[in-house]
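Enquirer: Sharing input-v1.cif, mmCIF, C-alpha atoms:
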data_target
loop_
_atom_site.label_atom_id
_atom_site.label_comp_id
_atom_site.auth_asym_id
_atom_site.auth_seq_id
_atom_site.Cartn_x
_atom_site.Cartn_y
_atom_site.Cartn_z
CA MET A 1 0.00 0.00 0.00
CA ASN A 2 1.26 3.46 -0.84
CA PRO A 3 2.35 5.09 2.46
CA LEU A 4 1.24 8.55 1.30
CA ARG A 5 -2.23 7.26 0.50
CA TRP A 6 -2.39 5.59 3.92
CA VAL A 7 -1.37 8.84 5.64
CA ARG A 8 -3.97 10.75 3.63
CA TRP A 9 -6.80 8.46 4.71
CA LYS A 10 -5.51 8.57 8.27
CA VAL A 11 -5.82 12.37 8.28
CA VAL A 12 -9.33 12.11 6.87
CA GLY A 13 -10.25 9.61 9.57
CA VAL A 14 -8.91 11.84 12.33
CA LEU A 15 -10.83 14.84 10.99
CA ALA A 16 -14.01 12.77 10.71
CA CYS A 17 -13.66 11.59 14.30
CA GLY A 18 -13.02 15.15 15.46
CA LEU A 19 -16.09 16.45 13.69
CA ALA A 20 -18.20 13.61 15.07
CA ALA A 21 -16.97 14.39 18.58
CA LEU A 22 -17.83 18.06 18.18
CA TYR A 23 -21.21 17.18 16.75
CA PHE A 24 -22.20 14.78 19.52
CA LEU A 25 -20.36 16.39 22.43
CA GLY A 26 -20.92 20.10 22.08
CA LEU A 27 -21.06 21.58 18.57
CA ASP A 28 -24.54 22.93 19.31
CA GLU A 29 -23.24 24.78 22.38
CA ILE A 30 -20.31 26.23 20.45
CA ALA A 31 -22.58 27.43 17.67
CA LEU A 32 -25.06 28.90 20.18
CA SER A 33 -22.30 30.83 21.90
CA LYS A 34 -20.94 32.17 18.61
CA VAL A 35 -24.39 33.28 17.42
CA ASN A 36 -25.21 35.11 20.65
CA THR A 37 -21.77 36.71 20.85
CA ALA A 38 -22.14 38.01 17.29
CA GLY A 39 -25.63 39.29 18.12
CA ALA A 40 -24.39 41.20 21.15
CA GLU A 41 -21.47 42.82 19.29
CA SER A 42 -23.25 43.71 16.04
CA ARG A 43 -23.69 47.39 15.24
CA ALA A 44 -26.51 46.75 12.77
CA ALA A 45 -28.90 44.92 15.12
CA ARG A 46 -28.90 42.86 18.28
CA TRP A 47 -30.17 39.30 18.40
CA SER A 48 -30.17 36.29 20.69
CA VAL A 49 -31.46 32.72 20.75
CA ALA A 50 -32.16 30.50 23.74
CA ASP A 51 -31.19 27.18 22.18
CA MET A 52 -29.84 25.81 18.93
CA GLY A 53 -29.63 22.40 17.29
CA LEU A 54 -27.57 21.68 14.19
CA GLY A 55 -28.11 18.90 11.68
CA LEU A 56 -24.93 18.90 9.62
CA LEU A 57 -25.82 15.89 7.50
CA ALA A 58 -29.32 17.16 6.75
CA GLY A 59 -28.17 20.75 6.29
CA SER A 60 -30.62 22.13 8.83
CA ALA A 61 -30.65 24.17 12.02
CA GLU A 62 -33.30 24.68 14.66
CA ILE A 63 -33.42 27.58 17.10
CA SER A 64 -35.81 28.55 19.86
CA ASP A 65 -36.83 31.89 21.39
CA LEU A 66 -35.35 34.15 18.73
CA GLU A 67 -35.27 37.86 19.58
CA VAL A 68 -34.10 40.66 17.27
CA ALA A 69 -33.75 44.24 18.53
CA THR A 70 -32.48 47.57 17.24
CA PRO A 71 -28.80 48.39 17.88
CA ARG A 72 -29.79 50.82 20.63
CA LYS A 73 -28.30 49.48 23.85
CA ASP A 74 -30.18 51.82 26.19
CA THR A 75 -33.41 49.87 25.83
CA GLN A 76 -34.65 46.39 24.94
CA ASP A 77 -36.57 47.71 21.93
CA ASN A 78 -37.41 44.39 20.30
CA VAL A 79 -38.41 44.42 16.65
CA PHE A 80 -38.95 40.75 15.87
CA GLY A 81 -39.32 37.51 17.74
CA ALA A 82 -40.31 33.89 17.19
CA ALA A 83 -40.94 30.97 19.50
CA GLY A 84 -38.90 28.78 17.16
CA ALA A 85 -37.47 28.55 13.68
CA ARG A 86 -36.18 25.81 11.40
CA VAL A 87 -33.67 26.68 8.70
CA ASP A 88 -33.10 24.29 5.79
CA LEU A 89 -29.75 25.14 4.20
CA SER A 90 -28.84 24.36 0.62
CA MET A 91 -25.70 22.23 0.93
CA ASN A 92 -25.08 22.55 -2.80
CA GLU A 93 -24.87 26.35 -2.51
CA LEU A 94 -22.83 26.08 0.69
CA LEU A 95 -20.14 24.15 -1.17
CA ARG A 96 -20.05 27.04 -3.67
CA GLY A 97 -19.33 29.53 -0.92
CA ARG A 98 -22.84 30.96 -0.53
CA TYR A 99 -25.23 30.79 2.41
CA VAL A 100 -28.62 29.97 0.93
CA ALA A 101 -31.63 28.78 2.92
CA ASP A 102 -34.21 26.89 0.91
CA GLU A 103 -36.82 27.59 3.58
CA VAL A 104 -37.11 29.23 6.97
CA ALA A 105 -40.14 28.00 8.90
CA LEU A 106 -41.15 30.30 11.78
CA GLN A 107 -43.26 29.37 14.80
CA ALA A 108 -45.49 32.14 16.19
CA PRO A 109 -43.48 35.02 14.69
CA LYS A 110 -44.15 38.48 16.10
CA LEU A 111 -43.24 41.83 14.55
CA ILE A 112 -43.24 44.92 16.76
CA VAL A 113 -43.68 48.16 14.79
CA THR A 114 -43.13 51.31 16.84
CA ARG A 115 -43.60 54.83 15.54
CA ARG A 116 -41.28 57.16 17.43
CA LYS A 117 -42.12 60.65 18.64
CA ASP A 118 -40.06 62.07 15.78
CA GLY A 119 -42.17 60.12 13.25
CA SER A 120 -39.56 57.46 12.49
CA ILE A 121 -40.13 53.70 12.75
CA ASN A 122 -38.03 51.41 14.92
CA MET A 123 -37.29 49.13 11.96
CA GLU A 124 -35.45 52.02 10.27
CA GLU A 125 -32.72 51.63 12.89
CA ILE A 126 -31.89 48.09 11.79
CA GLY A 127 -28.62 48.43 9.89
CA GLY A 128 -27.57 51.62 11.67
CA PRO A 129 -28.86 55.18 12.04
CA PRO A 130 -29.74 57.18 8.91
CA GLU A 131 -27.03 59.40 7.47
CA GLU A 132 -29.40 62.27 6.71
CA PRO A 133 -30.45 64.78 9.41
CA PRO A 134 -34.17 64.99 10.27
CA PRO A 135 -36.20 67.08 7.79
CA PRO A 136 -36.66 70.76 8.71
CA GLU A 137 -40.46 70.58 8.34
CA GLY A 138 -40.74 68.49 11.49
CA PRO A 139 -41.99 64.97 12.18
CA PRO A 140 -44.74 63.39 10.05
CA ARG A 141 -48.25 63.83 11.40
CA ASP A 142 -49.37 60.21 10.99
CA TRP A 143 -48.35 56.81 9.63
CA VAL A 144 -48.83 57.91 6.03
CA GLY A 145 -46.23 60.61 6.51
CA THR A 146 -43.90 58.17 8.24
CA ILE A 147 -44.15 55.67 5.38
CA ARG A 148 -43.56 58.45 2.86
CA LYS A 149 -40.44 59.53 4.76
CA TRP A 150 -39.21 55.92 4.96
CA TYR A 151 -39.73 55.41 1.24
CA GLU A 152 -37.80 58.60 0.47
CA ARG A 153 -34.91 57.31 2.55
CA ILE A 154 -34.89 54.03 0.62
CA GLN A 155 -34.74 55.97 -2.65
CA LYS A 156 -31.77 58.00 -1.42
CA VAL A 157 -29.93 54.81 -0.50
CA ARG A 158 -30.70 53.38 -3.93
CA GLU A 159 -29.27 56.47 -5.64
CA LYS A 160 -25.97 56.06 -3.77
CA LEU A 161 -25.45 52.48 -4.91
CA PRO A 162 -22.83 52.09 -7.65
CA GLU A 163 -24.34 51.87 -11.10
CA ARG A 164 -23.87 48.74 -13.11
CA SER A 165 -21.64 48.77 -16.13
CA LYS A 166 -23.16 50.26 -19.28
CA GLU A 167 -20.82 48.23 -21.52
CA PRO A 168 -22.33 45.81 -24.04
CA GLU A 169 -22.89 42.31 -22.72
CA GLU A 170 -20.23 40.69 -24.94
CA GLU A 171 -17.58 43.14 -23.65
CA ARG A 172 -18.32 42.73 -19.94
CA GLY A 173 -17.35 39.10 -19.63
CA ALA A 174 -18.81 36.37 -17.50
CA ALA A 175 -17.74 37.79 -14.13
CA ALA A 176 -19.74 41.02 -14.60
CA ASP A 177 -22.69 39.51 -16.47
CA TYR A 178 -25.47 40.48 -14.06
CA SER A 179 -28.27 39.44 -16.38
CA ARG A 180 -27.07 35.84 -16.80
CA ARG A 181 -25.72 35.40 -13.23
CA ALA A 182 -22.43 33.66 -14.06
CA THR A 183 -21.84 30.66 -11.83
CA TYR A 184 -18.10 31.17 -11.54
CA PRO A 185 -16.63 33.32 -10.23
CA PHE A 186 -19.39 34.46 -7.83
CA GLU A 187 -18.72 38.18 -8.01
CA GLY A 188 -21.92 40.19 -8.04
CA ARG A 189 -24.11 37.45 -6.57
CA PRO A 190 -25.80 37.72 -3.16
CA SER A 191 -23.75 36.04 -0.44
CA PHE A 192 -26.83 35.41 1.71
CA ALA A 193 -30.21 34.38 0.37
CA VAL A 194 -33.46 32.90 1.64
CA ARG A 195 -35.73 31.37 -0.97
CA LYS A 196 -38.78 31.18 1.28
CA ILE A 197 -39.82 32.38 4.73
CA ALA A 198 -43.12 31.06 6.06
CA GLY A 199 -44.85 31.37 9.41
CA THR A 200 -48.19 30.77 11.10
CA GLY A 201 -49.61 32.38 14.20
CA PHE A 202 -48.12 35.65 12.96
CA GLU A 203 -48.71 38.82 14.98
CA ILE A 204 -47.91 42.48 14.31
CA ALA A 205 -48.04 44.74 17.35
CA PHE A 206 -48.35 48.48 16.62
CA THR A 207 -47.25 51.23 19.01
CA ASP A 208 -47.53 54.95 18.33
CA GLU A 209 -45.33 56.93 20.71
CA ALA A 210 -46.03 60.10 18.71
CA SER A 211 -49.76 60.17 19.45
CA GLY A 212 -50.05 57.84 22.41
CA LYS A 213 -53.17 56.26 20.90
CA PRO A 214 -53.62 52.53 21.54
CA LEU A 215 -53.65 50.50 18.34
CA PRO A 216 -54.99 46.97 17.76
CA SER A 217 -52.65 44.19 16.69
CA LEU A 218 -52.85 41.98 13.65
CA GLN A 219 -53.36 38.45 15.01
CA ASN A 220 -53.86 34.85 13.85
CA GLY A 221 -51.86 35.71 10.77
CA THR A 222 -49.81 33.95 8.16
CA ILE A 223 -46.74 35.28 6.40
CA GLU A 224 -44.83 34.24 3.29
CA ILE A 225 -41.76 35.93 1.79
CA HIS A 226 -40.01 34.64 -1.31
CA GLN A 227 -36.53 35.55 -2.57
CA LEU A 228 -34.95 37.63 0.19
CA THR A 229 -31.22 38.29 -0.34
CA SER A 230 -28.33 40.42 0.87
CA SER A 231 -28.03 42.07 -2.57
CA PRO A 232 -31.50 42.82 -3.99
CA SER A 233 -30.02 44.64 -7.00
CA VAL A 234 -28.49 41.44 -8.43
CA GLN A 235 -30.86 38.70 -7.26
CA ASP A 236 -32.50 36.50 -9.88
CA GLU A 237 -36.14 37.25 -9.04
CA PRO A 238 -38.00 40.07 -7.27
CA THR A 239 -38.99 39.68 -3.66
CA ARG A 240 -42.62 38.62 -3.16
CA PHE A 241 -44.60 38.68 0.09
CA ARG A 242 -48.06 37.90 1.43
CA ILE A 243 -49.47 38.71 4.88
CA ALA A 244 -52.97 37.85 6.09
CA GLY A 245 -54.67 37.99 9.46
CA ASP A 246 -57.35 39.52 11.69
CA ILE A 247 -57.35 43.09 12.98
CA ALA A 248 -60.03 44.95 14.94
CA GLY A 249 -62.54 42.16 14.29
CA SER A 250 -62.01 42.20 10.53
CA THR A 251 -59.84 40.44 7.97
CA LEU A 252 -56.81 41.89 6.23
CA SER A 253 -54.76 40.56 3.33
CA ILE A 254 -51.70 42.29 1.89
CA GLY A 255 -49.47 41.00 -0.89
CA GLY A 256 -46.90 42.62 -3.08
CA ILE A 257 -43.62 42.69 -4.95
CA LEU A 258 -40.36 44.52 -4.28
CA ASP A 259 -38.15 44.73 -7.34
CA PHE A 260 -34.80 46.48 -6.88
CA ARG A 261 -32.95 44.53 -9.55
CA GLY A 262 -30.61 46.56 -11.69
CA GLU A 263 -31.86 50.12 -11.91
CA ARG A 264 -35.43 49.21 -10.90
CA SER A 265 -37.17 50.62 -7.86
CA LEU A 266 -40.60 49.07 -8.15
CA PHE A 267 -43.11 48.36 -5.38
CA THR A 268 -46.57 46.89 -5.92
CA LEU A 269 -49.22 46.19 -3.32
CA ASP A 270 -52.53 44.35 -3.45
CA THR A 271 -54.73 44.93 -0.39
CA ALA A 272 -58.15 43.56 0.56
CA THR A 273 -59.96 44.06 3.84
CA GLY A 274 -63.23 43.24 5.50
CA ASP A 275 -65.26 45.96 7.21
CA LEU A 276 -62.71 47.96 9.21
CA PRO A 277 -64.06 50.32 11.91
CA VAL A 278 -63.34 53.93 11.03
CA ALA A 279 -61.65 54.42 14.42
CA LEU A 280 -58.86 52.11 13.25
CA ILE A 281 -58.40 54.01 9.99
CA GLU A 282 -58.53 57.34 11.81
CA SER A 283 -55.76 56.19 14.18
CA PHE A 284 -53.37 55.33 11.34
CA ILE A 285 -54.05 57.87 8.57
CA GLY A 286 -56.57 60.32 9.98
CA GLU A 287 -54.29 63.37 9.91
CA SER A 288 -53.71 62.93 6.18
CA LEU A 289 -57.43 62.99 5.36
CA PRO A 290 -59.36 66.23 4.67
CA VAL A 291 -62.29 64.91 6.75
CA LYS A 292 -62.67 63.17 10.10
CA LEU A 293 -64.18 59.69 10.19
CA LYS A 294 -66.73 59.75 13.02
CA SER A 295 -68.53 56.39 12.78
CA GLY A 296 -69.23 53.44 10.52
CA ALA A 297 -67.01 50.92 8.73
CA ILE A 298 -64.99 50.87 5.51
CA SER A 299 -63.83 47.96 3.38
CA LEU A 300 -61.05 48.39 0.86
CA ASP A 301 -59.77 46.60 -2.21
CA ALA A 302 -56.79 48.45 -3.63
CA LYS A 303 -53.93 47.98 -6.04
CA VAL A 304 -50.90 50.21 -5.49
CA LEU A 305 -47.92 50.80 -7.76
CA LEU A 306 -44.87 52.85 -6.78
CA ASP A 307 -42.12 53.24 -9.36
CA GLY A 308 -39.27 55.25 -7.93
CA ARG A 309 -40.07 58.68 -6.54
CA ASP A 310 -42.07 60.07 -9.40
CA LYS A 311 -44.74 57.52 -10.27
CA LEU A 312 -47.69 56.59 -8.08
CA ASP A 313 -50.78 54.75 -9.28
CA VAL A 314 -53.49 53.62 -6.86
CA ALA A 315 -56.85 52.18 -7.90
CA PRO A 316 -58.90 51.81 -4.69
CA LYS A 317 -62.40 50.37 -4.42
CA LEU A 318 -64.13 51.62 -1.28
CA SER A 319 -67.33 50.52 0.38
CA LEU A 320 -68.38 52.96 3.13
CA LYS A 321 -71.12 51.57 5.37
CA LYS A 322 -73.08 54.02 7.52
CA VAL A 323 -70.02 56.27 7.65
CA GLU A 324 -70.37 59.75 9.13
CA LEU A 325 -67.87 62.47 8.19
CA GLU A 326 -66.86 65.82 9.60
CA ALA A 327 -64.64 68.49 8.05
CA ARG A 328 -61.19 68.37 9.62
CA GLU A 329 -60.03 71.91 8.95
CA PRO A 330 -61.79 75.11 7.81
CA GLY A 331 -61.18 75.71 4.14
CA GLY A 332 -60.38 72.08 3.35
CA LYS A 333 -61.35 70.72 -0.06
CA VAL A 334 -62.72 67.38 -1.25
CA ALA A 335 -63.21 66.85 -4.99
CA GLY A 336 -62.81 70.57 -5.49
CA VAL A 337 -65.59 71.62 -3.09
CA ASP A 338 -65.65 72.78 0.50
CA ALA A 339 -65.05 69.87 2.88
CA SER A 340 -67.98 70.91 5.11
CA SER A 341 -70.40 70.86 2.16
CA PHE A 342 -69.05 67.53 1.01
CA ALA A 343 -69.40 66.02 4.49
CA GLN A 344 -73.00 67.25 4.76
CA ALA A 345 -73.99 65.77 1.39
CA PHE A 346 -72.16 62.54 2.15
CA ASN A 347 -73.82 62.14 5.57
CA GLU A 348 -77.28 62.66 4.04
CA ALA A 349 -76.60 59.94 1.47
CA SER A 350 -75.05 57.61 4.05
CA THR A 351 -78.16 57.88 6.23
CA GLU A 352 -80.39 56.81 3.34
CA LEU A 353 -78.18 54.04 1.90
CA GLU A 354 -76.72 50.88 3.40
CA SER A 355 -73.37 51.67 1.80
CA ILE A 356 -71.75 54.14 -0.56
CA ASP A 357 -69.49 52.39 -3.03
CA ILE A 358 -66.70 54.34 -4.70
CA GLN A 359 -65.00 52.36 -7.45
CA ASP A 360 -63.90 55.11 -9.82
CA LEU A 361 -61.37 56.98 -7.68
CA ARG A 362 -57.76 57.00 -8.87
CA ILE A 363 -54.67 58.43 -7.19
CA THR A 364 -51.72 59.32 -9.41
CA GLY A 365 -48.73 61.67 -9.28
CA SER A 366 -46.02 60.83 -6.75
CA LEU A 367 -45.96 59.70 -3.14
CA SER A 368 -44.84 63.15 -2.02
CA SER A 369 -47.43 64.95 -4.22
CA PRO A 370 -50.40 62.66 -4.87
CA ARG A 371 -53.09 63.75 -7.33
CA PHE A 372 -56.71 62.63 -6.78
CA GLU A 373 -58.83 61.93 -9.84
CA TRP A 374 -62.43 61.82 -8.59
CA GLY A 375 -64.82 59.72 -10.63
CA ASP A 376 -68.51 60.21 -11.39
CA THR A 377 -69.66 58.76 -8.05
CA VAL A 378 -68.23 61.56 -5.94
CA LYS A 379 -68.97 64.22 -8.58
CA ASN A 380 -72.64 63.20 -8.70
CA LEU A 381 -72.81 63.17 -4.91
CA VAL A 382 -71.46 66.71 -4.73
CA ALA A 383 -73.53 68.05 -7.64
CA SER A 384 -76.92 66.56 -6.75
CA GLY A 385 -76.75 66.58 -2.97
CA GLY A 386 -76.99 63.71 -0.52
CA LYS A 387 -80.70 62.90 -0.61
CA ALA A 388 -80.98 63.19 -4.39
CA PHE A 389 -77.89 61.02 -4.77
CA ALA A 390 -79.34 58.40 -2.41
CA LYS A 391 -82.63 58.39 -4.33
CA LYS A 392 -80.80 57.87 -7.63
CA GLN A 393 -78.71 55.09 -6.15
CA ALA A 394 -81.78 53.36 -4.71
CA GLN A 395 -83.60 53.64 -8.05
CA LYS A 396 -80.53 52.34 -9.83
CA GLY A 397 -80.45 49.37 -7.46
CA LEU A 398 -84.12 48.61 -8.12
CA GLU A 399 -83.59 48.79 -11.87
CA MET A 400 -80.58 46.49 -11.67
CA GLY A 401 -82.55 44.04 -9.55
CA LYS A 402 -85.50 44.14 -11.93
CA GLU A 403 -83.20 43.63 -14.91
CA ALA A 404 -81.51 40.67 -13.23
CA LEU A 405 -84.89 39.11 -12.33
CA GLU A 406 -86.24 39.54 -15.87
CA LYS A 407 -83.06 38.01 -17.22
CA GLU A 408 -83.43 34.96 -15.01
CA LEU A 409 -87.12 34.58 -15.81
CA GLY A 410 -86.31 34.97 -19.50
CA LYS A 411 -84.08 31.93 -19.31
CA SER A 412 -86.92 29.80 -17.93
CA PRO A 413 -90.31 31.61 -17.93
CA LEU A 414 -92.38 30.61 -14.93
CA GLY A 415 -95.67 30.25 -16.81
CA GLU A 416 -94.20 28.07 -19.55
CA SER A 417 -92.44 25.90 -16.97
CA ILE A 418 -95.66 25.32 -15.07
CA LYS A 419 -97.58 24.52 -18.25
CA GLU A 420 -95.01 21.91 -19.21
CA GLN A 421 -95.19 20.28 -15.78
CA MET A 422 -99.02 20.25 -15.82
CA LYS A 423 -99.26 18.52 -19.19
CA GLY A 424 -100.75 15.05 -19.05
CA ILE A 425 -102.07 15.45 -15.51
CA ASP A 426 -105.79 14.62 -15.00
CA THR A 427 -106.87 17.76 -13.22
CA LYS A 428 -110.31 16.27 -12.44
CA ALA A 429 -108.65 13.78 -10.11
CA LEU A 430 -106.86 16.55 -8.17
CA PRO A 431 -108.38 18.12 -5.06
CA LYS A 432 -109.57 21.68 -5.18
CA LEU A 433 -106.65 24.16 -4.98
CA PRO A 434 -106.78 27.24 -2.77
CA GLY A 435 -108.12 30.31 -4.43
CA GLY A 436 -105.62 32.57 -6.17
CA LEU A 437 -102.88 29.94 -6.51
CA PHE A 438 -101.23 30.05 -9.99
CA GLY A 439 -103.49 32.98 -10.86
CA GLY A 440 -106.76 31.07 -10.23
CA GLY A 441 -109.94 32.82 -9.15
CA GLU A 442 -111.41 32.70 -5.68
CA THR A 443 -114.25 30.23 -4.98
CA LYS A 444 -117.16 31.83 -3.17
CA LYS A 445 -120.13 30.24 -1.48
CA PRO A 446 -123.65 31.46 -2.46
CA ALA A 447 -125.60 33.35 0.14
CA ASP A 448 -128.00 30.42 0.71
CA GLY A 449 -125.17 28.10 1.69
CA GLY A 450 -125.45 25.87 -1.40
CA SER A 451 -122.62 24.98 -3.66
CA LYS A 452 -121.82 26.94 -6.77
#
Represent the structure of the file as structure tokens.

Expert:
Amino acid sequence: MNPLRWVRWKVVGVLACGLAALYFLGLDEIALSKVNTAGAESRAARWSVADMGLGLLAGSAEISDLEVATPRKDTQDNVFGAAGARVDLSMNELLRGRYVADEVALQAPKLIVTRRKDGSINMEEIGGPPEEPPPPEGPPRDWVGTIRKWYERIQKVREKLPERSKEPEEERGAAADYSRRATYPFEGRPSFAVRKIAGTGFEIAFTDEASGKPLPSLQNGTIEIHQLTSSPSVQDEPTRFRIAGDIAGSTLSIGGILDFRGERSLFTLDTATGDLPVALIESFIGESLPVKLKSGAISLDAKVLLDGRDKLDVAPKLSLKKVELEAREPGGKVAGVDASSFAQAFNEASTELESIDIQDLRITGSLSSPRFEWGDTVKNLVASGGKAFAKKQAQKGLEMGKEALEKELGKSPLGESIKEQMKGIDTKALPKLPGGLFGGGETKKPADGGSK
């Protein structure tokens, strides 16, 4: 036997025994210590886990009691937590020098979203404080303003990223071919990637330190995120997400796409809700509305598109049920008319109708300067007044119902159907039918008590 070959296999055997010893006698503890030490020293975020189990052969890891907090060390300030998580690693990608999780399964994940007194959100602090000073106009008034500010910050970060080469594809070579994702070398590819994150029992807890108003949580939820990487500008597919759950006694479903590949900065959102109490809507976006929502419920089905800073396109479908409005500020405008006059007409119509459906509103422009394009529904409401509008809507409903009924009867006329069923039946053998049935006349007794 070749001595060198024998020595080689001996080294392999020693390494295998060493790895086995670590695996069975304390590799989990070593990994747990390393993970928690890194979480305590990180400047981007703080994290910790209570326990960890590694499955080297299966390429999996299990952790329990995961907690993620902002880098602020003066407070606990948790942002995310989960009772447990299972991570299935792609061993094929690991051998190529990349950390890729095929799936991360979360148990009872919880997201804590806190709006600070300055209008910022705690999640903004993950990754470090913003480079820009606070805007001179002061903090945003509500969550809409906070989201707008957050989106502007993302766009500024995107603008600072180095642009990709403008050279023709054949001149760039394989290493810089972002569109084809060259497999070797791995320059330009995300070093960390998760193909799917899924969780049940999802909860989002909202806190508004700016207003002090208590906010309900989203509970009994599910969450799915696909294609989440460390380098969204060069990942193969856009990031997709879907969140669903219960909030304030109603249902909520939100799905969308984030596409930052190449020079893109695209965000789409598809939202559907049940009947949300107006108090919930008022708590989140009330300050951005020209009217106050006093009572009632609103359901929403909306599609949102944000393309960079300059393109906004929202097509909402609203159903307002017994909603009462009040002008928020003197001189405010809704659809080009005084907000007080609009609120009065709307309240009159809302009193008469079960719901006011608005399906022809469109919001365009940009997130910083939205432009409302009011459809015929609101224009007719303003022009004709509340009671006249309600009367027209009621009449329209009756006409639609009559048209639908005539259409159904036209498919199978009642009289013809009855005649067909009565054919061949010996009516003399049937008992007398009650008067008026099937259009028959009434049978009357003569005054003397005899039969007619």

Enquirer: For Gly249 (chain A), which residue among A:Leu32, A:Ser288, A:Ile112, A:Leu280 is the nearest when counting all atoms listed in the file?

Expert: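 Using all atoms listed in the file, Gly249 (chain A) sits closest to A:Leu280.
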
Enquirer: Write out as a PyMOL selection string which residues come within 9 Å of region 320-335 of chain A when counting only C-alpha atoms, dropping same-chain ones fewer than 6 positions away.

Expert: chain A and resi 275+278+287+289-300+341-344+346-347+350-358+372-374+378-379+382

Enquirer: Output the selection as a PDB file, in the frame of the given file - C-alpha atoms for each residue.

Expert:
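Below is the file that was written, result24.pdb:
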ATOM      1  CA  ASP A 275     -65.260  45.960   7.210  1.00  0.00           C
ATOM      2  CA  VAL A 278     -63.340  53.930  11.030  1.00  0.00           C
ATOM      3  CA  GLU A 287     -54.290  63.370   9.910  1.00  0.00           C
ATOM      4  CA  LEU A 289     -57.430  62.990   5.360  1.00  0.00           C
ATOM      5  CA  PRO A 290     -59.360  66.230   4.670  1.00  0.00           C
ATOM      6  CA  VAL A 291     -62.290  64.910   6.750  1.00  0.00           C
ATOM      7  CA  LYS A 292     -62.670  63.170  10.100  1.00  0.00           C
ATOM      8  CA  LEU A 293     -64.180  59.690  10.190  1.00  0.00           C
ATOM      9  CA  LYS A 294     -66.730  59.750  13.020  1.00  0.00           C
ATOM     10  CA  SER A 295     -68.530  56.390  12.780  1.00  0.00           C
ATOM     11  CA  GLY A 296     -69.230  53.440  10.520  1.00  0.00           C
ATOM     12  CA  ALA A 297     -67.010  50.920   8.730  1.00  0.00           C
ATOM     13  CA  ILE A 298     -64.990  50.870   5.510  1.00  0.00           C
ATOM     14  CA  SER A 299     -63.830  47.960   3.380  1.00  0.00           C
ATOM     15  CA  LEU A 300     -61.050  48.390   0.860  1.00  0.00           C
ATOM     16  CA  SER A 341     -70.400  70.860   2.160  1.00  0.00           C
ATOM     17  CA  PHE A 342     -69.050  67.530   1.010  1.00  0.00           C
ATOM     18  CA  ALA A 343     -69.400  66.020   4.490  1.00  0.00           C
ATOM     19  CA  GLN A 344     -73.000  67.250   4.760  1.00  0.00           C
ATOM     20  CA  PHE A 346     -72.160  62.540   2.150  1.00  0.00           C
ATOM     21  CA  ASN A 347     -73.820  62.140   5.570  1.00  0.00           C
ATOM     22  CA  SER A 350     -75.050  57.610   4.050  1.00  0.00           C
ATOM     23  CA  THR A 351     -78.160  57.880   6.230  1.00  0.00           C
ATOM     24  CA  GLU A 352     -80.390  56.810   3.340  1.00  0.00           C
ATOM     25  CA  LEU A 353     -78.180  54.040   1.900  1.00  0.00           C
ATOM     26  CA  GLU A 354     -76.720  50.880   3.400  1.00  0.00           C
ATOM     27  CA  SER A 355     -73.370  51.670   1.800  1.00  0.00           C
ATOM     28  CA  ILE A 356     -71.750  54.140  -0.560  1.00  0.00           C
ATOM     29  CA  ASP A 357     -69.490  52.390  -3.030  1.00  0.00           C
ATOM     30  CA  ILE A 358     -66.700  54.340  -4.700  1.00  0.00           C
ATOM     31  CA  PHE A 372     -56.710  62.630  -6.780  1.00  0.00           C
ATOM     32  CA  GLU A 373     -58.830  61.930  -9.840  1.00  0.00           C
ATOM     33  CA  TRP A 374     -62.430  61.820  -8.590  1.00  0.00           C
ATOM     34  CA  VAL A 378     -68.230  61.560  -5.940  1.00  0.00           C
ATOM     35  CA  LYS A 379     -68.970  64.220  -8.580  1.00  0.00           C
ATOM     36  CA  VAL A 382     -71.460  66.710  -4.730  1.00  0.00           C
TER      37      VAL A 382
END

Enquirer: What is the distance, in Å and to one decimal place, between CA of Met52 (chain A) and CA of Val35 (chain A)?

Expert: 9.4 Å

Enquirer: Contacts of Glu159 (chain A) at 12 Å or less, counting only C-alpha atoms, minus same-chain residues fewer than 2 places along, as a VMD selection string?

Expert: chain A and resid 152 to 157 161 to 163 233 260 262 to 265 308 to 309

Enquirer: Can you list, as a short mmCIF file (atom, residue, chain, number, x, y, z; two decimals) with C-alpha atoms, in the coordinates of the input, the residues that the PyMOL selection byres ((chain A and resi 216) around 10) selects here?

Expert:
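part-v9.cif was written with the following content:
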data_model
loop_
_atom_site.label_atom_id
_atom_site.label_comp_id
_atom_site.auth_asym_id
_atom_site.auth_seq_id
_atom_site.Cartn_x
_atom_site.Cartn_y
_atom_site.Cartn_z
CA ILE A 204 -47.91 42.48 14.31
CA ALA A 205 -48.04 44.74 17.35
CA PHE A 206 -48.35 48.48 16.62
CA THR A 207 -47.25 51.23 19.01
CA LYS A 213 -53.17 56.26 20.90
CA PRO A 214 -53.62 52.53 21.54
CA LEU A 215 -53.65 50.50 18.34
CA SER A 217 -52.65 44.19 16.69
CA LEU A 218 -52.85 41.98 13.65
CA GLN A 219 -53.36 38.45 15.01
CA ASP A 246 -57.35 39.52 11.69
CA ILE A 247 -57.35 43.09 12.98
CA ALA A 248 -60.03 44.95 14.94
CA GLY A 249 -62.54 42.16 14.29
CA LEU A 280 -58.86 52.11 13.25
CA SER A 283 -55.76 56.19 14.18
#

Enquirer: My list of candidates is A:Thr229, A:Asn36, A:Ser64, A:Gln76. Which is closest to Arg98 (chain A) when distances are computed with all atoms listed in the file?

Expert: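 Using all atoms listed in the file, the shortest distance to Arg98 (chain A) belongs to A:Thr229.
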
Enquirer: Could you jot down the CA of Ala302 (chain A) to CA of Gly274 (chain A) separation for me, Å, one decimal place?

Expert: 12.3 Å
